[in-house]
Amino acid sequence: MSMVELPGGGCATESEALTALAAEAKKRGISYGNLIASTSGWEQDEIIRDYCASKRRNRRKK
């Protein structure tokens, strides 16, 4: 898994990337393996960026 650069600087950690992809698979009702097989690297990067952005927004609200 390559490093995913986040908007505003920084990179997603490997743990964040795996968590983001697992959460997306659960949301779609498919397995992690099916998600990886059926999405491009670009789409996976977008899923990770969206996940990290939502986590940052939630941290700021608290």
# chains A, B, ... in the order shown; residues from 1 in each chain; ligands from 1

$ residues_around --residues "segment 11-24 of chain A" --least-positions-apart "4" --cutoff "6 Å" --atoms "only C-alpha atoms" --output "PyMOL selection string"
chain A and resi 4-6+32+48+51

$ select_by_dssp --residues "chain A" --states "alpha helix (DSSP H)" --output "VMD selection string"
chain A and resid 14 to 28 32 to 38 41 to 61

$ residues_around --residues "Leu35 of chain A" --least-positions-apart "2" --cutoff "10 Å" --atoms "only C-alpha atoms" --output "list in words"
Leu21, Ala22, Glu24, Ala25, Lys26, Arg28, Gly29, Ile30, Ser31, Tyr32, Gly33, Ala37, Ser38, Thr39, Ser40 and Gln44 of chain A
